[in-house]
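Participant: Dumping the structure here so I can ask a few things about it.
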Amino acid sequence: MQNLAYNARRASGYLLGFVLFYEPFMLFNQLASKFIVDESFSSIHVPCARIPLANLVTGEWQYASPISLLFCLLLAVSSLWFGPLFCGRLCPTGGFSEFLGSLLPDKYKIDWPKVVPVLPLRYGFFAGFLFSVWLGFGVPCTYCNYYSLEIFVNLFITGNMLNNLASLIATFFLANIFFGLFTKGGRGYCQLICPVGTYNSLFHLLGRFVLGAFHMQVQKSACIGCTKCVQSCPMRAINMQERKAQISRSLCIACGKCTHGCPQKAICYQSNLAKEKSHEQAN
């Protein structure tokens, strides 16, 4: 019953994200348009954090959609204070690939941190995305998992294929089959390629210098080293050091799966002030 309630909460979050950001609904656009004049309101790419990031790098931010810029700002502020909650609790694209990753036994799946250097690749892809735009290569929307999933969602709901480019279809299967179904945790695309996820993680890293910022914390005294959190983390962001769990802020998406699965309740989502207070009380 506890697992059912937890899974229902997570599914509700992704459903909310779907209604807020995906066509044919895009409720976020409708709400934002009441306060912001945006001629690109009807575009499938609004909101989109990838395009305005590219515009900022090239110095052409004035051409970005105002709603998209607002979305980028909200992502930055929320990730700084609360962690990448958009990735872990709202993004339907990441949630879908994570679901697919739960369908196969682990013996058939790749654990990417054990195969490749995830963080260098992750930040390398992000830098490549930004500077390739700066060099004039354009924004590769046809290789965006967010967009590729959206065209299939629209096909299912409305019967209309928004774009049938072969590259988008290839992206869908690469991101959701290779990096989803056959990846431990199901979030291989999020781990290695997604520029928005990396953008959120960068602000989450900066949050360590902000008083009151929230993140997933391990109470070392309560951790028994059972590794259940390591196995359950969809981003493979947890490893064991001296039989104690350690969470990488560079990969953590604050989804709370580790907290739910910990038999000792040794992992919690709280502010760094609470951590300092606990430390003072322990002394």
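By convention in this document, the chains of the structure tokens carry letters A, B, ... by their order, each chain's residues are numbered from 1, and ligands are numbered from 1 in the order they are shown.
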Determine, counting only C-alpha atoms, which protein, DNA and RNA residues have an atom within 12 Å of an atom of region 50-54 of chain A; residues of the same chain fewer than 5 positions away are not included. Present the result as a PDB file with N, CA, C and O atoms, in the first residue's frame.
Facilitator:
```
ATOM      1  N   ILE A  44       5.151  25.002 -30.372  1.00  0.00           N
ATOM      2  CA  ILE A  44       5.375  23.785 -29.599  1.00  0.00           C
ATOM      3  C   ILE A  44       6.599  23.919 -28.694  1.00  0.00           C
ATOM      4  O   ILE A  44       6.754  23.208 -27.715  1.00  0.00           O
ATOM      5  N   HIS A  45       7.483  24.871 -29.021  1.00  0.00           N
ATOM      6  CA  HIS A  45       8.722  25.027 -28.265  1.00  0.00           C
ATOM      7  C   HIS A  45       8.584  26.017 -27.111  1.00  0.00           C
ATOM      8  O   HIS A  45       9.591  26.472 -26.560  1.00  0.00           O
ATOM      9  N   GLY A  59      24.143  35.843 -27.577  1.00  0.00           N
ATOM     10  CA  GLY A  59      23.860  37.260 -27.388  1.00  0.00           C
ATOM     11  C   GLY A  59      22.573  37.706 -28.043  1.00  0.00           C
ATOM     12  O   GLY A  59      22.333  38.910 -28.194  1.00  0.00           O
ATOM     13  N   GLU A  60      21.740  36.759 -28.444  1.00  0.00           N
ATOM     14  CA  GLU A  60      20.484  37.084 -29.125  1.00  0.00           C
ATOM     15  C   GLU A  60      19.277  36.815 -28.233  1.00  0.00           C
ATOM     16  O   GLU A  60      18.225  36.383 -28.698  1.00  0.00           O
ATOM     17  N   TRP A  61      19.444  37.083 -26.941  1.00  0.00           N
ATOM     18  CA  TRP A  61      18.375  36.772 -25.995  1.00  0.00           C
ATOM     19  C   TRP A  61      17.093  37.537 -26.303  1.00  0.00           C
ATOM     20  O   TRP A  61      16.001  37.102 -25.950  1.00  0.00           O
ATOM     21  N   GLN A  62      17.232  38.687 -26.982  1.00  0.00           N
ATOM     22  CA  GLN A  62      16.032  39.481 -27.294  1.00  0.00           C
ATOM     23  C   GLN A  62      15.120  38.781 -28.285  1.00  0.00           C
ATOM     24  O   GLN A  62      13.949  39.132 -28.428  1.00  0.00           O
ATOM     25  N   TYR A  63      15.653  37.748 -28.983  1.00  0.00           N
ATOM     26  CA  TYR A  63      14.830  37.003 -29.930  1.00  0.00           C
ATOM     27  C   TYR A  63      14.157  35.783 -29.297  1.00  0.00           C
ATOM     28  O   TYR A  63      13.348  35.111 -29.938  1.00  0.00           O
ATOM     29  N   ALA A  64      14.506  35.503 -28.059  1.00  0.00           N
ATOM     30  CA  ALA A  64      13.919  34.342 -27.379  1.00  0.00           C
ATOM     31  C   ALA A  64      12.493  34.663 -26.939  1.00  0.00           C
ATOM     32  O   ALA A  64      12.137  35.819 -26.694  1.00  0.00           O
ATOM     33  N   SER A  65      11.693  33.645 -26.844  1.00  0.00           N
ATOM     34  CA  SER A  65      10.330  33.814 -26.352  1.00  0.00           C
ATOM     35  C   SER A  65      10.351  34.299 -24.910  1.00  0.00           C
ATOM     36  O   SER A  65      11.077  33.754 -24.076  1.00  0.00           O
ATOM     37  N   PRO A  66       9.588  35.353 -24.570  1.00  0.00           N
ATOM     38  CA  PRO A  66       9.533  35.825 -23.182  1.00  0.00           C
ATOM     39  C   PRO A  66       9.088  34.729 -22.207  1.00  0.00           C
ATOM     40  O   PRO A  66       9.600  34.643 -21.092  1.00  0.00           O
ATOM     41  N   ILE A  67       8.155  33.893 -22.631  1.00  0.00           N
ATOM     42  CA  ILE A  67       7.712  32.802 -21.761  1.00  0.00           C
ATOM     43  C   ILE A  67       8.835  31.790 -21.570  1.00  0.00           C
ATOM     44  O   ILE A  67       9.030  31.255 -20.478  1.00  0.00           O
ATOM     45  N   SER A  68       9.606  31.542 -22.618  1.00  0.00           N
ATOM     46  CA  SER A  68      10.739  30.633 -22.502  1.00  0.00           C
ATOM     47  C   SER A  68      11.789  31.187 -21.546  1.00  0.00           C
ATOM     48  O   SER A  68      12.365  30.455 -20.739  1.00  0.00           O
ATOM     49  N   LEU A  69      12.050  32.493 -21.635  1.00  0.00           N
ATOM     50  CA  LEU A  69      13.013  33.114 -20.719  1.00  0.00           C
ATOM     51  C   LEU A  69      12.513  33.033 -19.280  1.00  0.00           C
ATOM     52  O   LEU A  69      13.294  32.784 -18.351  1.00  0.00           O
ATOM     53  N   LEU A  70      11.210  33.253 -19.082  1.00  0.00           N
ATOM     54  CA  LEU A  70      10.627  33.112 -17.751  1.00  0.00           C
ATOM     55  C   LEU A  70      10.808  31.683 -17.243  1.00  0.00           C
ATOM     56  O   LEU A  70      11.156  31.463 -16.088  1.00  0.00           O
ATOM     57  N   PHE A  71      10.584  30.714 -18.123  1.00  0.00           N
ATOM     58  CA  PHE A  71      10.739  29.313 -17.752  1.00  0.00           C
ATOM     59  C   PHE A  71      12.183  29.021 -17.326  1.00  0.00           C
ATOM     60  O   PHE A  71      12.428  28.345 -16.331  1.00  0.00           O
ATOM     61  N   CYS A  72      13.151  29.543 -18.075  1.00  0.00           N
ATOM     62  CA  CYS A  72      14.567  29.375 -17.717  1.00  0.00           C
ATOM     63  C   CYS A  72      14.856  29.966 -16.341  1.00  0.00           C
ATOM     64  O   CYS A  72      15.583  29.375 -15.538  1.00  0.00           O
ATOM     65  N   LEU A  73      14.313  31.148 -16.086  1.00  0.00           N
ATOM     66  CA  LEU A  73      14.527  31.807 -14.804  1.00  0.00           C
ATOM     67  C   LEU A  73      13.927  30.996 -13.664  1.00  0.00           C
ATOM     68  O   LEU A  73      14.558  30.805 -12.615  1.00  0.00           O
ATOM     69  N   LEU A  75      13.356  27.781 -13.616  1.00  0.00           N
ATOM     70  CA  LEU A  75      14.166  26.573 -13.442  1.00  0.00           C
ATOM     71  C   LEU A  75      15.416  26.870 -12.630  1.00  0.00           C
ATOM     72  O   LEU A  75      15.787  26.108 -11.731  1.00  0.00           O
ATOM     73  N   ALA A  76      16.079  27.984 -12.947  1.00  0.00           N
ATOM     74  CA  ALA A  76      17.307  28.345 -12.247  1.00  0.00           C
ATOM     75  C   ALA A  76      17.044  28.603 -10.765  1.00  0.00           C
ATOM     76  O   ALA A  76      17.747  28.084  -9.894  1.00  0.00           O
ATOM     77  N   PHE A 126      26.732  19.295 -22.676  1.00  0.00           N
ATOM     78  CA  PHE A 126      26.110  20.595 -22.404  1.00  0.00           C
ATOM     79  C   PHE A 126      26.927  21.722 -23.032  1.00  0.00           C
ATOM     80  O   PHE A 126      26.387  22.602 -23.711  1.00  0.00           O
ATOM     81  N   ALA A 127      28.247  21.682 -22.828  1.00  0.00           N
ATOM     82  CA  ALA A 127      29.123  22.704 -23.423  1.00  0.00           C
ATOM     83  C   ALA A 127      29.073  22.628 -24.945  1.00  0.00           C
ATOM     84  O   ALA A 127      29.031  23.659 -25.628  1.00  0.00           O
ATOM     85  N   GLY A 128      29.066  21.388 -25.471  1.00  0.00           N
ATOM     86  CA  GLY A 128      28.993  21.232 -26.918  1.00  0.00           C
ATOM     87  C   GLY A 128      27.704  21.787 -27.490  1.00  0.00           C
ATOM     88  O   GLY A 128      27.701  22.429 -28.547  1.00  0.00           O
ATOM     89  N   PHE A 129      26.590  21.559 -26.789  1.00  0.00           N
ATOM     90  CA  PHE A 129      25.299  22.086 -27.223  1.00  0.00           C
ATOM     91  C   PHE A 129      25.338  23.612 -27.289  1.00  0.00           C
ATOM     92  O   PHE A 129      24.938  24.223 -28.286  1.00  0.00           O
ATOM     93  N   LEU A 130      25.862  24.255 -26.238  1.00  0.00           N
ATOM     94  CA  LEU A 130      25.876  25.713 -26.184  1.00  0.00           C
ATOM     95  C   LEU A 130      26.824  26.305 -27.223  1.00  0.00           C
ATOM     96  O   LEU A 130      26.467  27.222 -27.964  1.00  0.00           O
ATOM     97  N   PHE A 131      28.042  25.783 -27.285  1.00  0.00           N
ATOM     98  CA  PHE A 131      29.041  26.412 -28.144  1.00  0.00           C
ATOM     99  C   PHE A 131      28.892  26.029 -29.607  1.00  0.00           C
ATOM    100  O   PHE A 131      29.361  26.745 -30.485  1.00  0.00           O
ATOM    101  N   SER A 132      28.227  24.896 -29.884  1.00  0.00           N
ATOM    102  CA  SER A 132      27.946  24.586 -31.278  1.00  0.00           C
ATOM    103  C   SER A 132      26.958  25.609 -31.841  1.00  0.00           C
ATOM    104  O   SER A 132      27.054  26.011 -33.004  1.00  0.00           O
ATOM    105  N   VAL A 133      26.041  26.060 -30.992  1.00  0.00           N
ATOM    106  CA  VAL A 133      25.111  27.112 -31.395  1.00  0.00           C
ATOM    107  C   VAL A 133      25.872  28.413 -31.619  1.00  0.00           C
ATOM    108  O   VAL A 133      25.647  29.149 -32.584  1.00  0.00           O
ATOM    109  N   TRP A 134      26.799  28.711 -30.705  1.00  0.00           N
ATOM    110  CA  TRP A 134      27.611  29.922 -30.803  1.00  0.00           C
ATOM    111  C   TRP A 134      28.430  29.933 -32.092  1.00  0.00           C
ATOM    112  O   TRP A 134      28.663  30.974 -32.697  1.00  0.00           O
ATOM    113  N   LEU A 135      28.834  28.734 -32.551  1.00  0.00           N
ATOM    114  CA  LEU A 135      29.613  28.624 -33.785  1.00  0.00           C
ATOM    115  C   LEU A 135      28.740  28.612 -35.034  1.00  0.00           C
ATOM    116  O   LEU A 135      29.248  28.513 -36.146  1.00  0.00           O
ATOM    117  N   GLY A 136      27.421  28.680 -34.824  1.00  0.00           N
ATOM    118  CA  GLY A 136      26.533  28.814 -35.966  1.00  0.00           C
ATOM    119  C   GLY A 136      25.892  27.539 -36.459  1.00  0.00           C
ATOM    120  O   GLY A 136      25.356  27.504 -37.571  1.00  0.00           O
ATOM    121  N   PHE A 137      25.877  26.479 -35.640  1.00  0.00           N
ATOM    122  CA  PHE A 137      25.306  25.211 -36.087  1.00  0.00           C
ATOM    123  C   PHE A 137      23.801  25.112 -35.841  1.00  0.00           C
ATOM    124  O   PHE A 137      23.177  24.137 -36.220  1.00  0.00           O
ATOM    125  N   GLY A 138      23.231  26.093 -35.144  1.00  0.00           N
ATOM    126  CA  GLY A 138      21.790  26.068 -34.914  1.00  0.00           C
ATOM    127  C   GLY A 138      21.404  25.209 -33.720  1.00  0.00           C
ATOM    128  O   GLY A 138      22.222  24.514 -33.132  1.00  0.00           O
ATOM    129  N   VAL A 139      20.109  25.270 -33.363  1.00  0.00           N
ATOM    130  CA  VAL A 139      19.589  24.503 -32.234  1.00  0.00           C
ATOM    131  C   VAL A 139      19.066  23.164 -32.755  1.00  0.00           C
ATOM    132  O   VAL A 139      18.109  23.135 -33.536  1.00  0.00           O
ATOM    133  N   PRO A 140      19.668  22.054 -32.339  1.00  0.00           N
ATOM    134  CA  PRO A 140      19.270  20.744 -32.894  1.00  0.00           C
ATOM    135  C   PRO A 140      17.999  20.199 -32.268  1.00  0.00           C
ATOM    136  O   PRO A 140      18.001  19.203 -31.551  1.00  0.00           O
ATOM    137  N   CYS A 141      16.864  20.832 -32.557  1.00  0.00           N
ATOM    138  CA  CYS A 141      15.593  20.411 -31.969  1.00  0.00           C
ATOM    139  C   CYS A 141      15.188  19.008 -32.403  1.00  0.00           C
ATOM    140  O   CYS A 141      14.441  18.328 -31.701  1.00  0.00           O
ATOM    141  N   TYR A 143      16.881  16.513 -32.366  1.00  0.00           N
ATOM    142  CA  TYR A 143      17.541  15.502 -31.541  1.00  0.00           C
ATOM    143  C   TYR A 143      17.176  15.676 -30.066  1.00  0.00           C
ATOM    144  O   TYR A 143      17.905  15.264 -29.187  1.00  0.00           O
ATOM    145  N   CYS A 144      16.035  16.313 -29.831  1.00  0.00           N
ATOM    146  CA  CYS A 144      15.585  16.584 -28.459  1.00  0.00           C
ATOM    147  C   CYS A 144      14.573  15.518 -28.029  1.00  0.00           C
ATOM    148  O   CYS A 144      13.532  15.349 -28.691  1.00  0.00           O
ATOM    149  N   ASN A 145      14.857  14.827 -26.942  1.00  0.00           N
ATOM    150  CA  ASN A 145      13.954  13.782 -26.460  1.00  0.00           C
ATOM    151  C   ASN A 145      12.611  14.369 -26.025  1.00  0.00           C
ATOM    152  O   ASN A 145      11.559  13.757 -26.214  1.00  0.00           O
ATOM    153  N   TYR A 146      12.640  15.541 -25.436  1.00  0.00           N
ATOM    154  CA  TYR A 146      11.407  16.208 -24.993  1.00  0.00           C
ATOM    155  C   TYR A 146      10.463  16.405 -26.185  1.00  0.00           C
ATOM    156  O   TYR A 146       9.269  16.109 -26.124  1.00  0.00           O
ATOM    157  N   TYR A 147      11.027  16.895 -27.283  1.00  0.00           N
ATOM    158  CA  TYR A 147      10.231  17.158 -28.488  1.00  0.00           C
ATOM    159  C   TYR A 147       9.785  15.855 -29.140  1.00  0.00           C
ATOM    160  O   TYR A 147       8.642  15.721 -29.588  1.00  0.00           O
ATOM    161  N   CYS A 194      20.865  15.309 -21.747  1.00  0.00           N
ATOM    162  CA  CYS A 194      19.865  16.374 -21.608  1.00  0.00           C
ATOM    163  C   CYS A 194      20.479  17.703 -21.147  1.00  0.00           C
ATOM    164  O   CYS A 194      20.985  17.794 -20.022  1.00  0.00           O
ATOM    165  N   PRO A 195      20.441  18.755 -21.961  1.00  0.00           N
ATOM    166  CA  PRO A 195      21.024  20.040 -21.556  1.00  0.00           C
ATOM    167  C   PRO A 195      20.238  20.732 -20.451  1.00  0.00           C
ATOM    168  O   PRO A 195      20.813  21.431 -19.617  1.00  0.00           O
ATOM    169  N   VAL A 196      18.922  20.538 -20.430  1.00  0.00           N
ATOM    170  CA  VAL A 196      18.113  21.178 -19.388  1.00  0.00           C
ATOM    171  C   VAL A 196      18.397  20.549 -18.028  1.00  0.00           C
ATOM    172  O   VAL A 196      18.506  21.244 -17.015  1.00  0.00           O
ATOM    173  N   GLY A 197      18.539  19.226 -17.993  1.00  0.00           N
ATOM    174  CA  GLY A 197      18.881  18.564 -16.743  1.00  0.00           C
ATOM    175  C   GLY A 197      20.229  19.008 -16.215  1.00  0.00           C
ATOM    176  O   GLY A 197      20.404  19.231 -15.006  1.00  0.00           O
ATOM    177  N   THR A 198      21.205  19.174 -17.105  1.00  0.00           N
ATOM    178  CA  THR A 198      22.527  19.637 -16.699  1.00  0.00           C
ATOM    179  C   THR A 198      22.467  21.078 -16.204  1.00  0.00           C
ATOM    180  O   THR A 198      23.110  21.442 -15.221  1.00  0.00           O
ATOM    181  N   TYR A 199      21.696  21.900 -16.876  1.00  0.00           N
ATOM    182  CA  TYR A 199      21.480  23.293 -16.464  1.00  0.00           C
ATOM    183  C   TYR A 199      20.903  23.340 -15.050  1.00  0.00           C
ATOM    184  O   TYR A 199      21.383  24.081 -14.183  1.00  0.00           O
ATOM    185  N   ASN A 200      19.895  22.516 -14.781  1.00  0.00           N
ATOM    186  CA  ASN A 200      19.306  22.468 -13.444  1.00  0.00           C
ATOM    187  C   ASN A 200      20.321  21.999 -12.409  1.00  0.00           C
ATOM    188  O   ASN A 200      20.377  22.521 -11.287  1.00  0.00           O
TER     189      ASN A 200
END
```
Participant: Quick one: of A:Thr158, A:Gly13, A:Cys48, A:Ala254, who's nearest to Phe28 (chain A), counting only C-alpha atoms?
Facilitator: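 Among the listed residues, A:Cys48 lies closest to Phe28 (chain A).
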Participant: Against region 88-111 of chain A, which residues of region 165-240 of chain A fall within 7 Å? For each one I want the closest pair of atoms and the distance in Å (one decimal), counting only C-alpha atoms, rows by chain and increasing residue number, as JSON lines.
Facilitator:
```
{"residue": "A:Asn176", "atom": "CA", "partner": "A:Ser97", "partner_atom": "CA", "distance": 5.1}
{"residue": "A:Gly180", "atom": "CA", "partner": "A:Ser97", "partner_atom": "CA", "distance": 4.7}
{"residue": "A:Leu181", "atom": "CA", "partner": "A:Gly101", "partner_atom": "CA", "distance": 4.2}
{"residue": "A:Phe182", "atom": "CA", "partner": "A:Lys109", "partner_atom": "CA", "distance": 4.4}
{"residue": "A:Thr183", "atom": "CA", "partner": "A:Ile110", "partner_atom": "CA", "distance": 4.7}
{"residue": "A:Lys184", "atom": "CA", "partner": "A:Asp111", "partner_atom": "CA", "distance": 5.2}
{"residue": "A:Gly185", "atom": "CA", "partner": "A:Gly101", "partner_atom": "CA", "distance": 5.6}
{"residue": "A:Gly186", "atom": "CA", "partner": "A:Gly101", "partner_atom": "CA", "distance": 3.8}
{"residue": "A:Arg187", "atom": "CA", "partner": "A:Glu98", "partner_atom": "CA", "distance": 5.5}
{"residue": "A:Cys190", "atom": "CA", "partner": "A:Gly94", "partner_atom": "CA", "distance": 6.8}
{"residue": "A:Pro234", "atom": "CA", "partner": "A:Glu98", "partner_atom": "CA", "distance": 6.8}
```
Participant: Take the residues from that selection and put them in a file with C-alpha atoms, as a tab-separated table (two decimals), in the first residue's frame.
Facilitator:
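Saved file again_32.tsv follows:
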```
chain	number	residue	atom	x	y	z
A	176	ASN	CA	13.54	5.68	-24.55
A	180	GLY	CA	15.47	3.98	-21.12
A	181	LEU	CA	14.41	0.37	-21.33
A	182	PHE	CA	17.99	-0.96	-21.47
A	183	THR	CA	19.47	1.41	-18.88
A	184	LYS	CA	19.55	0.90	-15.13
A	185	GLY	CA	17.28	3.54	-13.66
A	186	GLY	CA	15.89	4.34	-17.10
A	187	ARG	CA	17.39	7.82	-17.25
A	190	CYS	CA	19.02	12.49	-18.47
A	234	PRO	CA	17.14	6.37	-11.28
```
Participant: Quick one: residues within 7 Å of Ala266 (chain A), only C-alpha atoms, excluding same-chain residues fewer than 6 positions away - as a PyMOL selection string?
Facilitator: chain A and resi 218-219+222-223
Participant: In terms of the shortest atom-to-atom distance over only C-alpha atoms, which of A:Gly83, A:Gly188, A:Gly212, A:Gly207 is closest to Leu121 (chain A)?
Facilitator: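 That would be A:Gly188, the residue with the smallest distance to Leu121 (chain A).
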Participant: So which residues touch Met216 (chain A) within 10 Å, counting only C-alpha atoms, skipping near sequence neighbours fewer than 3 positions away, as a tab-separated table (two decimals) with N, CA and C atoms, in the first residue's frame?
Facilitator:
```tsv
chain	number	residue	atom	x	y	z
A	82	PHE	N	15.71	24.55	-4.31
A	82	PHE	CA	15.01	23.29	-4.00
A	82	PHE	C	15.55	22.07	-4.74
A	83	GLY	N	16.57	22.27	-5.58
A	83	GLY	CA	17.09	21.15	-6.36
A	83	GLY	C	16.32	20.99	-7.66
A	246	GLN	N	26.50	7.99	-0.17
A	246	GLN	CA	26.90	9.36	-0.51
A	246	GLN	C	26.21	9.76	-1.80
A	247	ILE	N	25.58	10.94	-1.79
A	247	ILE	CA	24.78	11.39	-2.93
A	247	ILE	C	25.54	12.46	-3.71
A	248	SER	N	25.62	12.28	-5.02
A	248	SER	CA	26.25	13.27	-5.89
A	248	SER	C	25.23	14.33	-6.29
A	249	ARG	N	25.49	15.57	-5.89
A	249	ARG	CA	24.58	16.66	-6.25
A	249	ARG	C	24.59	16.93	-7.75
A	252	CYS	N	21.92	14.10	-8.77
A	252	CYS	CA	20.66	13.96	-8.02
A	252	CYS	C	19.56	14.86	-8.59
A	253	ILE	N	18.36	14.31	-8.75
A	253	ILE	CA	17.22	15.09	-9.24
A	253	ILE	C	16.14	15.24	-8.16
A	254	ALA	N	16.49	14.92	-6.92
A	254	ALA	CA	15.58	15.11	-5.78
A	254	ALA	C	14.23	14.45	-5.98
A	255	CYS	N	14.25	13.26	-6.59
A	255	CYS	CA	12.99	12.55	-6.83
A	255	CYS	C	12.44	11.89	-5.57
A	256	GLY	N	13.30	11.65	-4.59
A	256	GLY	CA	12.87	11.06	-3.32
A	256	GLY	C	12.77	9.56	-3.31
A	258	CYS	N	15.14	7.40	-3.12
A	258	CYS	CA	16.05	6.85	-2.11
A	258	CYS	C	15.44	6.95	-0.72
A	259	THR	N	14.78	8.07	-0.44
A	259	THR	CA	14.13	8.25	0.85
A	259	THR	C	13.04	7.21	1.06
A	267	ILE	N	17.84	8.83	4.73
A	267	ILE	CA	17.97	9.87	3.70
A	267	ILE	C	16.74	10.75	3.75
A	268	CYS	N	16.96	12.04	3.78
A	268	CYS	CA	15.83	12.97	3.85
A	268	CYS	C	16.09	14.18	2.96
A	269	TYR	N	15.02	14.83	2.59
A	269	TYR	CA	15.08	16.05	1.78
A	269	TYR	C	14.86	17.21	2.74
A	270	GLN	N	15.93	17.97	2.98
A	270	GLN	CA	15.82	19.07	3.93
A	270	GLN	C	16.82	20.16	3.58
A	271	SER	N	16.71	21.31	4.26
A	271	SER	CA	17.60	22.43	3.96
A	271	SER	C	18.95	22.24	4.63
A	272	ASN	N	19.95	22.95	4.11
A	272	ASN	CA	21.27	22.86	4.73
A	272	ASN	C	21.30	23.48	6.12
```
Participant: Point out the residue among A:Leu74, A:Phe86, A:Glu150, A:Leu205 with the least atom-to-atom distance to Leu16 (chain A), counting only C-alpha atoms.
Facilitator: A:Phe86
Participant: Which of these residues is nearest to Tyr189 (chain A), using only C-alpha atoms: A:His260, A:Arg10, A:Arg122, A:Lys265?
Facilitator: A:Arg122
Participant: From the DSSP assignment of the backbone, select every residue of region 108-254 of chain A that is strand (DSSP E), and format the answer as a count of residues only.
Facilitator: 13
Participant: Name the residues of region 71-151 of chain A that come out as alpha helix (DSSP H) in a backbone DSSP run; write them as a VMD selection string.
Facilitator: chain A and resid 71 to 82 85 92 to 101 118 to 134 145 to 151
